[in-house]
Structures are given as C-alpha cells and as structure tokens.
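Below is one structure; the comments refer to it alone.
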Amino acid sequence: MKASRFLVSTLKEAPADAEVASHRLMTRAGMVKKLGAGIYTYMPMGLRVIRKVEAIVREEMNRAGAIELTMPVVQPAELWQETGRFDKMGPELLRIKDRHERDFVVQPTSEEVVTDIARQEIRSYKQLPKNFYQIQTKFRDERRPRFGLMRGREFIMKDAYSFDRDMASAKASYQVMAQAYRAAFDRFGLRYRAVAADSGAIGGDLSEEFQVIAATGEDAIVYCPDSDYAANMEKAEALAPAGARPAAAAALTKTPTPGKATCADVAELLGVPLATTVKSLVLATDLLDEAGNIKGAQVWLLLLRGDHDMNEVKVGKLPGLEGGYRFATLAEIEEHFGCKPGYLGPLNLKKPVKLVADREVAVMADWICGANEPDFHITGVNWGRDLPEPELVADLRNVVAGDPSPDGKGVLAIERGIEVGHVFYLGTKYSKAMNATFLEEDGKPRFLEMGCYGIGITRLPAAAIEQNHDERGIIWPDAIAPFTVVLCPIGMDRSEAVKAEAERLYAQLLAAGVDVILDDRNERPGAMFADWELIGVPHRLTIGDKGLKDGVLEYQHRRDAAATKVPAAEAFSFLQ
Ligand code: ATP
Ligand code: MG
Ligand code: MG
Ligand code: MG
C-alpha cells in the first residue's frame with residue numbers, strides 16, 4: 001500500500017467525549033468515525049486491524065473444527081418468543097417492526113436462529129458433534145454506550161455454538177473452544193487471563209471469560225499469583241463465605257466516614273431482609289436543568305433491586321448527611337428540585353452486593369456520573385472523607401485483595417480486565433425451549449446439548465490499545481497492526497536515490513508478503529513520524545540521503561527510544 005492512495009487521516013485533538021486512551025487514539029488515528037452514540041464507521045485504517053483480528057479468530061475456529069455460516073442480522077420475533085427472550089430481555093434487545101407491523105429483532109447474539117438451524121439439520125447422533133460460528137454485526141442497545149468500540153451499540157462479534165449428543169461430549173466441545181480461545185489470544189500478542197465466570201442458572205464451572213488486562217477495564221478479576229486460580233468478581237463473590245473479610249479491609253470499612261451506611265441500614269432503606277442480593281447501588285450526584293446542563297450536586301443513595309424499573313425506584317439520602325433518610329421516587333426528586341435528576345453513577349456497578357449485617361457499604365472514589373444520555377458524563381467524582389484508593393471501591397464486595405485463595409494456595413490479588421471473550425456451556429436450555437432434538441443410537445429423541453462462545457472482534461482492538469500505548473499514540477502488537485512496517489523516505493520528491501531505495505525495499509517486502517506501507521506523501525519528517533507513531537505501526541524504516549551515502553537506513557521499533565542504523569543491504573532481512 002502507498003500512503004498517497006490510502007486514507008491517512010489523523011487528528012491533533014481527541015473528541016471531548018473520549019474518556020479512555022483507546023477511544024481517543026482510535027479517533028485521532030483515523031481508525032473509527034462516530035456516527036451516533038455507540039455507532040461507528042470502521043475507517044480503512046481501523047478496518048485493517050479488525051480484519052486481522054477476524055482472520056486469526058477464523059483460523060483458530062476452523063482449526064478447532066467449527067464451521068462458518070452467516071445468520072441474519074434482522075431476525076423474526078417468533079423465534080425469540082419461543083425461548084421467551086423477546087419479552088424477557090430488557091431494552092438492550094432492539095425490537096423493530098416491518099411494514100406489515102410484524103415484530104423483528106436486531107441480533108444481539110444468535111442462540112435462537114442457530115438452534116432453529118440445528119433442529120432442522122441435525123437428525124441423528126451420527127451428525128454430532130457440530131459447531132457453527134459466524135463473524136457478524138451485533139446490536140445491543142446498551143444503556144451506556146461508551147469508550148468508542150469498547151462498548152458500542154453496533155459491534156462485530158464472533159459467535160460460535162456447539163451441539164452435542166450428551167453432557168460429556170458437550171463439555172469436551174467446550175474444552176476444545178476454550179483451547180482455541182487460548183490459541184487465538186496468544187496470537188493477538190496481548191496479556192490476558194482466562195477467568196472462571198458465573199454460569200448463572202446452569203451452575204457448574206463451565207463458563208470462562210477471556211479478560212485482557214488493563215487498568216481501565218470495567219471488570220475486576222480476582223486471581224491468586226501463586227496458583228492457577230482466577231475468576232471474575234461475580235464468580236469469586238459467589239464462592240466467598242459471606243462477610244468473611246481480612247483485617248485490612250475491615251480497618252478501612254470501620255473508619256467513620258460521613259455518609260456510610262451499614263448493610264442493615266441498606267436493608268431497612270430498601271425494606272428487604274438481610275441477605276438479599278442487591279443488583280446495583282448507585283450514587284446520584286447531579287441534577288440537570290431544562291437544557292440538560294448540570295445544575296447542582298446532591299448525594300443520594302439509590303438502590304436498585306434486580307427487578308427495578310428506573311421510574312419507581314426508591315431513593316433515600318444517606319445517613320450522616322443532614323436530614324437523614326428520605327424516600328422519594330425519581331419523579332419526586334424532579335419536582336423537589338425543579339429539574340431532572342441526573343444520570344446516576346456508577347451504573348456499571350453490576351456486581352450484586354450481598355447485604356451482611358456487620359458490613360458497611362458505600363466507600364466512594366472516582367465514580368462516573370453524568371446526564372441520562374450518552375456522551376455527557378463526568379469522571380472522578382469523589383465523595384466521603386479520607387478516601388481510600390479508588391481500587392477499594394471493591395470494598396462493596398465480599399472479596400478483597402488479601403483474602404485467602406479458595407484453593408488454599410496463597411492470597412488473592414485483584415486487577416482490572418476487559419472482557420473480550422466468553423465461553424459458556426448452555427446445556428439444554430435452548431434446545432428444550434425450542435424442541436431441538438436428534439435421534440440417539442437407541443432410536444429415541446434427545447435434546448441437543450449446547451455451548452456458546454463469543455469474541456468481541458471490535459472490542460479487541462480497543463482492549464489492545466488500553467494495554468499498549470504511550471503519550472505519542474498506539475503501539476500495536478505485530479499480529480493485529482494495520483500495517484506491520486512503514487517505510488518513511490525523506491525527501492522522496494527531491495532525491496532519486498531515496499526514491500529508488502524506497503521503491504526497491506517496498507517491492508521486496510511486498511513480494512515477501514510483508515504488510516508494508518510506503519509513505520510517499522512527501523510530508524516533513526516530523527509530521528510523517530508523528531502520524532505513524534500515533535497510528536502505531538510497530539516497525540519503521542527511514543530512508544534518507546545522508547544515510548544512503550554511508551549505505552545505511554534507520555530502523556526503529558515503535559517501543560524503541562531511538563533509531564538504529566542498519567546496512568541498506570540488510571534492511572530487508574532485518575524485518576523478516
Ligand atoms: P459486557 O459484560 O462487557 O457487557 P457481555 O458479557 O454482555 O459483555 P457477551 O454476551 O458475553 O457480552 O458477548 C460476547 C462478547 O461480545 C463479550 O465478551 C465482548 O467481548 C463482546 N461484547 C459484548 N457487548 C459488547 C459491546 N457493547 N460492544 C463491543 N463488544 C461487546
Ligand atoms: Mg453486556
Ligand atoms: Mg460480561
Ligand atoms: Mg459475557
């Protein structure tokens with residue numbers, strides 16, 4: 001590729017709504033362009049990365065024996081009614097109507113359609129096992145689309161679905177997928193952890209998330225540095241004995257900070273018995289005027305139960321603040337303050353909190369608040385005195401760093417991760433709901449045993465950037481870089497020697513199958529280097545008159561502090 005023909009479109013400024021590095025850098029590097037909240041065009045530079053991610057995933061899926069198909073993005077509601085998800089799934093499911101007023105959904109995932117295919121195609125145990133996958137557009141009407149491609153509404157997912165004759169074979173299929181995921185994630189060149197995740201109603205241990213390690217990750221992952229134990233916070237909490245806390249955390253929660261409530265307070269506030277699991281705990285901090293501007297801040301403790309409806313929720317002021325508790329509906333708040341209550345943070349607190357009598361809740365630092373609409377948020381909201389490390393928001397949980405590891409092999413550590421993949425044993429949940437059976441060897445019909453396996457194709461590049469960037473821009477791992485090598489000739493329009501050497505190397509690299517871009521735009525060196533450092537191409541060769549006189553070029557890896565001189569004759573082999 002020659003840069004003059006490609007679209008190199010970099011920006012000096014990041015968009016105002018970009019809160020994390022990946023969103024800022026992908027926008028500035030011209031990789032994505034926002035069309036609406038959580039809806040992005042994958043620009044040519046970004047699409048190259050996405051295609052490389054897809055290629056790796058496709059290869060590993062094929063290698064593992066999965067077979068590719070493409071299912072419709074727009075799916076008839078009837079199938080979703082069979083499993084009950086048309087009604088049960090919340091507003092994340094985008095429902096649309098056609099001209100005949102028939103209901104459809106835009107696929108957020110495809111269990112229904114693939115089960116429908118399986119019940120038609122798979123008649124006999126002889127056809128099993130089977131694993132179907134697609135790499136396709138998904139739509140989830142996320143409550144808070146944010147962080148660019150990280151949490152989009154429209155995004156690309158690889159979703160695979162395994163079908164087996166019995167549980168043992170389904171578990172083997174699951175392991176094959178988990179292994180394929182490890183192979184793919186190893187190839188991406190990222191630091192990641194496969195962590196046990198909650199398999200919900202199905203139970204058992206057959207759900208793992210593939211978490212890319214990054215400080216900005218939305219998920220907390222719990223692991224033991226001295227053993228193989230690793231789980232997401234939800235799972236770790238489900239295993240932890242309620243209320244079992246190490247001394248360090250206890251000391252923290254006992255600091256008398258205004259605004260703290262005990263779990264008993266919370267239970268009373270909610271009117272629920274202790275040991276109830278609260279789905280989210282939210283601090284409302286801002287109030288909006290008619291135009292949606294933040295008008296003032298109020299601290300409220302708002303607790304949503306699993307079955308909450310935003311309009312009917314109970315709101316109470318925290319104890320320790322003047323006035324004590326006060327209950328109100330959101331409508332009452334609006335009336336009382338004469339303006340709409342702001343969006344309530346942190347709504348990303350999706351970990352259930354178990355109410356335990358002697359524990360305190362509500363240690364708050366670096367919360368995210370903002371208006372009840374996308375792209376209007378403030379970060380770093382702190383509340384309380386003697387605030388602990390922001391990490392200790394984890395104090396709302398039953399599991400904290402320093403707890404003993406469940407395997408007894410050491411103590412737990414907590415780090416942040418980005419969920420990029422998820423493997424899940426489903427059992428017969430969907431096959432029963434949709435009557436998807438096959439004939440066993442004994443001639444009797446059985447329900448198909450299923451598993452489902454997702455990878456966030458467009459989330460992966462964002463996660464890669466969160467893990468690999470510096471103040472100048474992105475640093476791509478070779479495997480998913482938009483280009484592996486950039487050739488930067490200095491003064492190509494003036495120097496025949498530079499032009500000839502650049503063209504020679506370019507042709508040689510192309511012929512060897514290297515993904516190379518020749519920057520023939522005749523930009524000044526400073527601007528040219530800044531572009532490629534922002535875009536994050538891992539290998540750069542600079543070709544200049546001065547060096548050529550001595551028979552050398554300059555090589556610099558994106559992580560290197562300075563360039564190294566390489567003999568021109570060896571430059572090619574240097575890049576191999
Ligand atoms: P999250 O917890 O981040 O909301 P999820 O658990 O709802 O993700 P899954 O249903 O497990 O997601 O989907 C499989 C994969 O799809 C996820 O592991 C993630 O990588 C990706 N994914 C899910 N939601 C989004 C999104 N809104 N934008 C981009 N990728 C997503
Ligand atoms: Mg989700
Ligand atoms: Mg998840
Ligand atoms: Mg998941």
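Chain labels follow the order of the structure tokens: the first chain is A, the next B, and so on; residue numbering restarts at 1 in every chain, and ligands are counted from 1 in their shown order.
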For this session: Name each residue within 7 Å of ligand 4, counting only C-alpha atoms and all ligand atoms, as an MDAnalysis selection string.
Result: chainID A and resid 209 419 422
For this session: Around ligand 1, at most 10 Å away and counting only C-alpha atoms and all ligand atoms, which residues are there? Put them as a PyMOL selection string, please.
Result: chain A and resi 38-39+92+108-109+138-159+197+207-212+217-219+348+350+418-424+452-460+462-463
Go ahead and save the residues from that selection, with C-alpha atoms, as a PDB file, in the first residue's frame.
ATOM      1  CA  GLY A  38     -22.161   3.687  20.166  1.00  0.00           C
ATOM      2  CA  ILE A  39     -22.286   3.569  16.380  1.00  0.00           C
ATOM      3  CA  GLU A  92     -30.865  -3.955  25.226  1.00  0.00           C
ATOM      4  CA  PRO A 108     -27.621  -9.141  19.957  1.00  0.00           C
ATOM      5  CA  THR A 109     -26.499 -12.816  19.754  1.00  0.00           C
ATOM      6  CA  LYS A 138     -24.496  -7.405  16.507  1.00  0.00           C
ATOM      7  CA  PHE A 139     -26.644  -4.723  18.023  1.00  0.00           C
ATOM      8  CA  ARG A 140     -27.218  -4.189  21.722  1.00  0.00           C
ATOM      9  CA  ASP A 141     -28.965  -1.053  22.815  1.00  0.00           C
ATOM     10  CA  GLU A 142     -26.513  -0.593  25.683  1.00  0.00           C
ATOM     11  CA  ARG A 143     -27.654   1.751  28.394  1.00  0.00           C
ATOM     12  CA  ARG A 144     -24.271   3.415  28.403  1.00  0.00           C
ATOM     13  CA  PRO A 145     -22.507   3.012  25.093  1.00  0.00           C
ATOM     14  CA  ARG A 146     -19.066   4.422  25.735  1.00  0.00           C
ATOM     15  CA  PHE A 147     -15.344   4.173  25.289  1.00  0.00           C
ATOM     16  CA  GLY A 148     -15.665   4.015  21.497  1.00  0.00           C
ATOM     17  CA  LEU A 149     -15.517   0.471  20.153  1.00  0.00           C
ATOM     18  CA  MET A 150     -15.175  -0.890  23.675  1.00  0.00           C
ATOM     19  CA  ARG A 151     -18.876  -0.727  24.388  1.00  0.00           C
ATOM     20  CA  GLY A 152     -20.600   0.057  21.158  1.00  0.00           C
ATOM     21  CA  ARG A 153     -24.234  -0.493  20.352  1.00  0.00           C
ATOM     22  CA  GLU A 154     -23.412  -1.835  16.901  1.00  0.00           C
ATOM     23  CA  PHE A 155     -20.332  -4.047  17.006  1.00  0.00           C
ATOM     24  CA  ILE A 156     -18.833  -7.170  15.483  1.00  0.00           C
ATOM     25  CA  MET A 157     -18.813 -10.406  17.418  1.00  0.00           C
ATOM     26  CA  LYS A 158     -17.645 -13.880  16.585  1.00  0.00           C
ATOM     27  CA  ASP A 159     -20.275 -16.175  17.996  1.00  0.00           C
ATOM     28  CA  ALA A 197     -17.227 -16.721  35.287  1.00  0.00           C
ATOM     29  CA  SER A 207     -18.069 -20.537  31.912  1.00  0.00           C
ATOM     30  CA  GLU A 208     -14.880 -18.597  31.428  1.00  0.00           C
ATOM     31  CA  GLU A 209     -14.191 -15.065  30.348  1.00  0.00           C
ATOM     32  CA  PHE A 210     -11.080 -14.055  28.467  1.00  0.00           C
ATOM     33  CA  GLN A 211     -10.017 -10.816  30.064  1.00  0.00           C
ATOM     34  CA  VAL A 212      -7.381  -8.533  28.576  1.00  0.00           C
ATOM     35  CA  GLY A 217     -11.023  -2.361  32.369  1.00  0.00           C
ATOM     36  CA  GLU A 218     -14.624  -2.356  33.572  1.00  0.00           C
ATOM     37  CA  ASP A 219     -14.308  -5.748  35.220  1.00  0.00           C
ATOM     38  CA  ASN A 348     -21.563  -0.009  35.792  1.00  0.00           C
ATOM     39  CA  LYS A 350     -23.193  -4.645  38.028  1.00  0.00           C
ATOM     40  CA  ILE A 418     -11.654  -6.066  29.701  1.00  0.00           C
ATOM     41  CA  GLU A 419     -13.929  -8.955  28.761  1.00  0.00           C
ATOM     42  CA  VAL A 420     -13.021  -9.778  25.182  1.00  0.00           C
ATOM     43  CA  GLY A 421     -14.147 -13.371  25.035  1.00  0.00           C
ATOM     44  CA  HIS A 422     -16.636 -15.605  26.784  1.00  0.00           C
ATOM     45  CA  VAL A 423     -17.120 -19.373  26.576  1.00  0.00           C
ATOM     46  CA  PHE A 424     -20.232 -20.847  28.085  1.00  0.00           C
ATOM     47  CA  CYS A 452     -21.964 -20.768  23.136  1.00  0.00           C
ATOM     48  CA  TYR A 453     -18.726 -18.894  22.588  1.00  0.00           C
ATOM     49  CA  GLY A 454     -18.247 -15.186  21.856  1.00  0.00           C
ATOM     50  CA  ILE A 455     -15.336 -12.932  20.985  1.00  0.00           C
ATOM     51  CA  GLY A 456     -15.715  -9.162  20.778  1.00  0.00           C
ATOM     52  CA  ILE A 457     -13.956  -8.619  17.455  1.00  0.00           C
ATOM     53  CA  THR A 458     -14.270  -4.836  17.541  1.00  0.00           C
ATOM     54  CA  ARG A 459     -13.709  -4.630  21.296  1.00  0.00           C
ATOM     55  CA  LEU A 460     -10.381  -6.405  20.938  1.00  0.00           C
ATOM     56  CA  ALA A 462      -9.721  -1.162  21.859  1.00  0.00           C
ATOM     57  CA  ALA A 463      -8.536  -3.530  24.588  1.00  0.00           C
TER      58      ALA A 463
END
For this session: Excluding region 40-45 of chain A and any residue of its chain fewer than 3 positions from it, enumerate the residues within 10 Å of it, using only C-alpha atoms, and give them as number ranges by chain.
Result: A: 6-9, 26-27, 29-37, 48-50, 148-149, 152-155, 458, 481-483, 535
Grab the residues selected above and save them as a PDB file, in the first residue's frame with N, CA and C atoms.
ATOM      1  N   PHE A   6      -3.837   5.633   0.088  1.00  0.00           N
ATOM      2  CA  PHE A   6      -4.617   5.170   1.228  1.00  0.00           C
ATOM      3  C   PHE A   6      -5.228   6.390   1.920  1.00  0.00           C
ATOM      4  N   LEU A   7      -6.070   6.162   2.922  1.00  0.00           N
ATOM      5  CA  LEU A   7      -6.589   7.303   3.674  1.00  0.00           C
ATOM      6  C   LEU A   7      -5.864   7.378   5.019  1.00  0.00           C
ATOM      7  N   VAL A   8      -4.895   8.313   5.058  1.00  0.00           N
ATOM      8  CA  VAL A   8      -4.229   8.577   6.336  1.00  0.00           C
ATOM      9  C   VAL A   8      -4.848   9.862   6.838  1.00  0.00           C
ATOM     10  N   SER A   9      -5.624   9.758   7.899  1.00  0.00           N
ATOM     11  CA  SER A   9      -6.429  10.908   8.321  1.00  0.00           C
ATOM     12  C   SER A   9      -6.332  11.074   9.836  1.00  0.00           C
ATOM     13  N   MET A  26      -7.932   5.836  18.799  1.00  0.00           N
ATOM     14  CA  MET A  26      -8.531   5.285  17.574  1.00  0.00           C
ATOM     15  C   MET A  26      -9.170   6.397  16.753  1.00  0.00           C
ATOM     16  N   THR A  27      -9.747   7.383  17.442  1.00  0.00           N
ATOM     17  CA  THR A  27     -10.350   8.501  16.723  1.00  0.00           C
ATOM     18  C   THR A  27      -9.254   9.362  16.100  1.00  0.00           C
ATOM     19  N   ALA A  29      -6.268   8.566  15.329  1.00  0.00           N
ATOM     20  CA  ALA A  29      -5.513   7.852  14.290  1.00  0.00           C
ATOM     21  C   ALA A  29      -6.367   7.611  13.043  1.00  0.00           C
ATOM     22  N   GLY A  30      -7.597   8.085  13.056  1.00  0.00           N
ATOM     23  CA  GLY A  30      -8.464   7.942  11.873  1.00  0.00           C
ATOM     24  C   GLY A  30      -8.931   6.511  11.659  1.00  0.00           C
ATOM     25  N   MET A  31      -9.054   5.752  12.738  1.00  0.00           N
ATOM     26  CA  MET A  31      -9.466   4.349  12.603  1.00  0.00           C
ATOM     27  C   MET A  31     -10.972   4.183  12.676  1.00  0.00           C
ATOM     28  N   VAL A  32     -11.617   5.046  13.442  1.00  0.00           N
ATOM     29  CA  VAL A  32     -13.072   4.978  13.538  1.00  0.00           C
ATOM     30  C   VAL A  32     -13.637   6.388  13.443  1.00  0.00           C
ATOM     31  N   LYS A  33     -14.878   6.457  13.041  1.00  0.00           N
ATOM     32  CA  LYS A  33     -15.566   7.739  12.966  1.00  0.00           C
ATOM     33  C   LYS A  33     -16.953   7.548  13.555  1.00  0.00           C
ATOM     34  N   LYS A  34     -17.275   8.399  14.483  1.00  0.00           N
ATOM     35  CA  LYS A  34     -18.561   8.254  15.165  1.00  0.00           C
ATOM     36  C   LYS A  34     -19.714   8.730  14.292  1.00  0.00           C
ATOM     37  N   LEU A  35     -20.768   7.906  14.260  1.00  0.00           N
ATOM     38  CA  LEU A  35     -21.956   8.294  13.513  1.00  0.00           C
ATOM     39  C   LEU A  35     -23.104   8.619  14.467  1.00  0.00           C
ATOM     40  N   GLY A  36     -23.118   7.935  15.588  1.00  0.00           N
ATOM     41  CA  GLY A  36     -24.138   8.160  16.607  1.00  0.00           C
ATOM     42  C   GLY A  36     -23.629   7.519  17.876  1.00  0.00           C
ATOM     43  N   ALA A  37     -24.400   7.616  18.956  1.00  0.00           N
ATOM     44  CA  ALA A  37     -23.943   7.039  20.223  1.00  0.00           C
ATOM     45  C   ALA A  37     -23.714   5.537  20.059  1.00  0.00           C
ATOM     46  N   ARG A  48      -8.502  -2.479   8.766  1.00  0.00           N
ATOM     47  CA  ARG A  48      -7.374  -3.400   8.572  1.00  0.00           C
ATOM     48  C   ARG A  48      -7.084  -4.161   9.869  1.00  0.00           C
ATOM     49  N   VAL A  49      -7.189  -3.468  10.991  1.00  0.00           N
ATOM     50  CA  VAL A  49      -6.956  -4.118  12.284  1.00  0.00           C
ATOM     51  C   VAL A  49      -8.062  -5.152  12.541  1.00  0.00           C
ATOM     52  N   ILE A  50      -9.291  -4.724  12.319  1.00  0.00           N
ATOM     53  CA  ILE A  50     -10.433  -5.614  12.562  1.00  0.00           C
ATOM     54  C   ILE A  50     -10.330  -6.874  11.701  1.00  0.00           C
ATOM     55  N   GLY A 148     -15.857   4.347  22.907  1.00  0.00           N
ATOM     56  CA  GLY A 148     -15.665   4.015  21.497  1.00  0.00           C
ATOM     57  C   GLY A 148     -16.077   2.583  21.209  1.00  0.00           C
ATOM     58  N   LEU A 149     -15.176   1.839  20.541  1.00  0.00           N
ATOM     59  CA  LEU A 149     -15.517   0.471  20.153  1.00  0.00           C
ATOM     60  C   LEU A 149     -15.641  -0.472  21.351  1.00  0.00           C
ATOM     61  N   GLY A 152     -19.793  -0.549  22.201  1.00  0.00           N
ATOM     62  CA  GLY A 152     -20.600   0.057  21.158  1.00  0.00           C
ATOM     63  C   GLY A 152     -22.020  -0.453  21.271  1.00  0.00           C
ATOM     64  N   ARG A 153     -22.897   0.100  20.473  1.00  0.00           N
ATOM     65  CA  ARG A 153     -24.234  -0.493  20.352  1.00  0.00           C
ATOM     66  C   ARG A 153     -24.192  -1.436  19.138  1.00  0.00           C
ATOM     67  N   GLU A 154     -23.658  -0.928  18.017  1.00  0.00           N
ATOM     68  CA  GLU A 154     -23.412  -1.835  16.901  1.00  0.00           C
ATOM     69  C   GLU A 154     -21.960  -2.264  16.976  1.00  0.00           C
ATOM     70  N   PHE A 155     -21.707  -3.564  16.929  1.00  0.00           N
ATOM     71  CA  PHE A 155     -20.332  -4.047  17.006  1.00  0.00           C
ATOM     72  C   PHE A 155     -20.231  -5.386  16.298  1.00  0.00           C
ATOM     73  N   THR A 458     -14.584  -6.268  17.573  1.00  0.00           N
ATOM     74  CA  THR A 458     -14.270  -4.836  17.541  1.00  0.00           C
ATOM     75  C   THR A 458     -13.864  -4.304  18.916  1.00  0.00           C
ATOM     76  N   ALA A 481      -1.554  -5.229  13.812  1.00  0.00           N
ATOM     77  CA  ALA A 481      -1.247  -3.858  13.384  1.00  0.00           C
ATOM     78  C   ALA A 481      -1.881  -3.595  12.023  1.00  0.00           C
ATOM     79  N   PRO A 482      -2.322  -2.355  11.768  1.00  0.00           N
ATOM     80  CA  PRO A 482      -2.916  -2.064  10.455  1.00  0.00           C
ATOM     81  C   PRO A 482      -1.900  -2.294   9.331  1.00  0.00           C
ATOM     82  N   PHE A 483      -0.650  -1.945   9.599  1.00  0.00           N
ATOM     83  CA  PHE A 483       0.478  -2.299   8.732  1.00  0.00           C
ATOM     84  C   PHE A 483       1.596  -2.750   9.663  1.00  0.00           C
ATOM     85  N   ILE A 535      -0.557   6.231  14.801  1.00  0.00           N
ATOM     86  CA  ILE A 535      -1.252   5.064  14.238  1.00  0.00           C
ATOM     87  C   ILE A 535      -0.718   3.770  14.843  1.00  0.00           C
TER      88      ILE A 535
END
For this session: Between A:Glu440, A:Asp103, A:Glu59, A:Glu54, single out the one closest to Pro76 (chain A), counting only C-alpha atoms.
Result: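 Smallest separation from Pro76 (chain A) among the options: A:Asp103.
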Just want the 9 Å neighbourhood of Gly551 (chain A), counted on only C-alpha atoms, with same-chain residues fewer than 4 positions away dropped. Output as a PDB file with N, CA and C atoms, in the first residue's frame.
ATOM      1  N   LYS A 546      21.349  11.154   3.524  1.00  0.00           N
ATOM      2  CA  LYS A 546      22.560  11.127   4.331  1.00  0.00           C
ATOM      3  C   LYS A 546      22.985   9.694   4.639  1.00  0.00           C
ATOM      4  N   GLY A 547      22.023   8.902   5.116  1.00  0.00           N
ATOM      5  CA  GLY A 547      22.318   7.513   5.452  1.00  0.00           C
ATOM      6  C   GLY A 547      22.741   6.717   4.230  1.00  0.00           C
ATOM      7  N   VAL A 566      20.926   0.527  10.155  1.00  0.00           N
ATOM      8  CA  VAL A 566      21.092  -0.816   9.577  1.00  0.00           C
ATOM      9  C   VAL A 566      21.623  -0.679   8.164  1.00  0.00           C
ATOM     10  N   PRO A 567      22.561  -1.546   7.775  1.00  0.00           N
ATOM     11  CA  PRO A 567      23.048  -1.508   6.399  1.00  0.00           C
ATOM     12  C   PRO A 567      21.881  -1.678   5.438  1.00  0.00           C
ATOM     13  N   ALA A 568      21.805  -0.837   4.413  1.00  0.00           N
ATOM     14  CA  ALA A 568      20.683  -0.878   3.475  1.00  0.00           C
ATOM     15  C   ALA A 568      20.484  -2.275   2.913  1.00  0.00           C
ATOM     16  N   ALA A 569      21.582  -2.949   2.636  1.00  0.00           N
ATOM     17  CA  ALA A 569      21.503  -4.281   2.045  1.00  0.00           C
ATOM     18  C   ALA A 569      20.844  -5.271   3.001  1.00  0.00           C
TER      19      ALA A 569
END
For this session: Quick one: pull the distance between CA of Gln81 (chain A) and CA of Leu439 (chain A), Å, one decimal.
Result: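 These two atoms are separated by 25.5 Å.
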Exercise. Pick from A:Asp164, A:Ala230, A:Ile56, A:Ala215: nearest to Asp407 (chain A), with only C-alpha atoms counted?
Worked result: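 Of the candidates, the smallest distance to Asp407 (chain A) is held by A:Ala230.
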Problem set entry | Exercise: region 232-237 of chain A partners within 7 Å, only C-alpha atoms, chain neighbours under 6 positions left out, as a ChimeraX atom specification | /A:195-198,220-222,351,398-399
Please produce a file of those selected residues containing C-alpha atoms, as a PDB file, in the first residue's frame.
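The new file part-v3.pdb reads:
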ATOM      1  CA  VAL A 195     -11.080 -16.436  34.409  1.00  0.00           C
ATOM      2  CA  ALA A 196     -13.922 -18.511  35.777  1.00  0.00           C
ATOM      3  CA  ALA A 197     -17.227 -16.721  35.287  1.00  0.00           C
ATOM      4  CA  ASP A 198     -20.646 -17.295  36.707  1.00  0.00           C
ATOM      5  CA  ALA A 220     -12.468  -6.700  38.376  1.00  0.00           C
ATOM      6  CA  ILE A 221     -10.687 -10.020  38.208  1.00  0.00           C
ATOM      7  CA  VAL A 222      -9.588 -11.980  41.200  1.00  0.00           C
ATOM      8  CA  LYS A 351     -21.802  -6.857  40.729  1.00  0.00           C
ATOM      9  CA  ASN A 398     -17.294  -9.713  49.699  1.00  0.00           C
ATOM     10  CA  VAL A 399     -13.912 -10.423  48.135  1.00  0.00           C
TER      11      VAL A 399
END
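Between ligand 2 and the residues A:Gly443, A:Pro15, A:Pro91, A:Pro72, the shortest atom-to-atom distance, using only C-alpha atoms and all ligand atoms, involves A:Pro91.
For the pair CA of Arg102 (chain A) and CA of Gly90 (chain A), the interatomic distance is 19.2 Å.
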For this session: Skip His469 (chain A) itself and residues of its chain fewer than 6 positions away, then list as a ChimeraX atom specification all residues within 9 Å of it, counting only C-alpha atoms.
Result: /A:21-22,25,475-476,536
For this session: Write out as a PyMOL selection string all residues of region 159-235 of chain A that backbone DSSP assigns to alpha helix (DSSP H).
Result: chain A and resi 167-188+233-235
Exercise. From the list A:Leu128, A:Val537, A:Val74, A:Ala14, which residue is nearest Ala170 (chain A) when using only C-alpha atoms?
Worked result: A:Leu128
Find the residues around Arg540 (chain A) up to 8 Å (only C-alpha atoms counted), leave out those fewer than 3 positions away in its own chain, and share them as a PDB file with N, CA and C atoms, in the first residue's frame.
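Generated output (part_31.pdb):
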ATOM      1  N   VAL A 485       4.914  -2.779   8.774  1.00  0.00           N
ATOM      2  CA  VAL A 485       6.106  -1.973   8.528  1.00  0.00           C
ATOM      3  C   VAL A 485       5.708  -0.697   7.795  1.00  0.00           C
ATOM      4  N   VAL A 486       6.299   0.421   8.189  1.00  0.00           N
ATOM      5  CA  VAL A 486       6.116   1.640   7.402  1.00  0.00           C
ATOM      6  C   VAL A 486       7.489   2.085   6.900  1.00  0.00           C
ATOM      7  N   LEU A 487       7.538   2.398   5.614  1.00  0.00           N
ATOM      8  CA  LEU A 487       8.767   2.936   5.023  1.00  0.00           C
ATOM      9  C   LEU A 487       8.615   4.451   4.940  1.00  0.00           C
ATOM     10  N   CYS A 488       9.556   5.147   5.550  1.00  0.00           N
ATOM     11  CA  CYS A 488       9.478   6.615   5.565  1.00  0.00           C
ATOM     12  C   CYS A 488      10.660   7.222   4.804  1.00  0.00           C
ATOM     13  N   VAL A 537       2.132   1.828  13.975  1.00  0.00           N
ATOM     14  CA  VAL A 537       2.798   0.788  13.178  1.00  0.00           C
ATOM     15  C   VAL A 537       4.075   0.353  13.910  1.00  0.00           C
ATOM     16  N   TYR A 555      16.347   2.035  11.411  1.00  0.00           N
ATOM     17  CA  TYR A 555      15.245   1.192  11.853  1.00  0.00           C
ATOM     18  C   TYR A 555      14.834   1.605  13.269  1.00  0.00           C
ATOM     19  N   GLN A 556      13.529   1.698  13.486  1.00  0.00           N
ATOM     20  CA  GLN A 556      13.061   1.964  14.848  1.00  0.00           C
ATOM     21  C   GLN A 556      11.783   1.188  15.126  1.00  0.00           C
ATOM     22  N   HIS A 557      11.829   0.412  16.200  1.00  0.00           N
ATOM     23  CA  HIS A 557      10.597  -0.243  16.642  1.00  0.00           C
ATOM     24  C   HIS A 557       9.790   0.796  17.401  1.00  0.00           C
ATOM     25  N   ARG A 558       8.464   0.665  17.345  1.00  0.00           N
ATOM     26  CA  ARG A 558       7.602   1.659  17.990  1.00  0.00           C
ATOM     27  C   ARG A 558       7.889   1.784  19.491  1.00  0.00           C
TER      28      ARG A 558
END
Seminar exercise, completed: Pairwise distance, CA of Ala512 (chain A) with CA of Phe185 (chain A), equals 25.7 Å
For this session: List every residue of region 426-556 of chain A that DSSP, applied to the backbone of this structure, places in strand (DSSP E), and write the result as a ChimeraX atom specification.
Result: /A:426-427,437-439,445-447,449-456,469-470,473-474,485-489,516-518,539-543,552-556
Exercise. Using only C-alpha atoms, which of A:Asp470, A:Glu449, A:Glu441, A:Asp493 sits nearest Lys126 (chain A)?
Worked result: A:Glu441
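Nearest residue to Tyr174 (chain A) among A:Gly491, A:Gly408, A:Gly544, A:Gly427 is A:Gly427, counting only C-alpha atoms.
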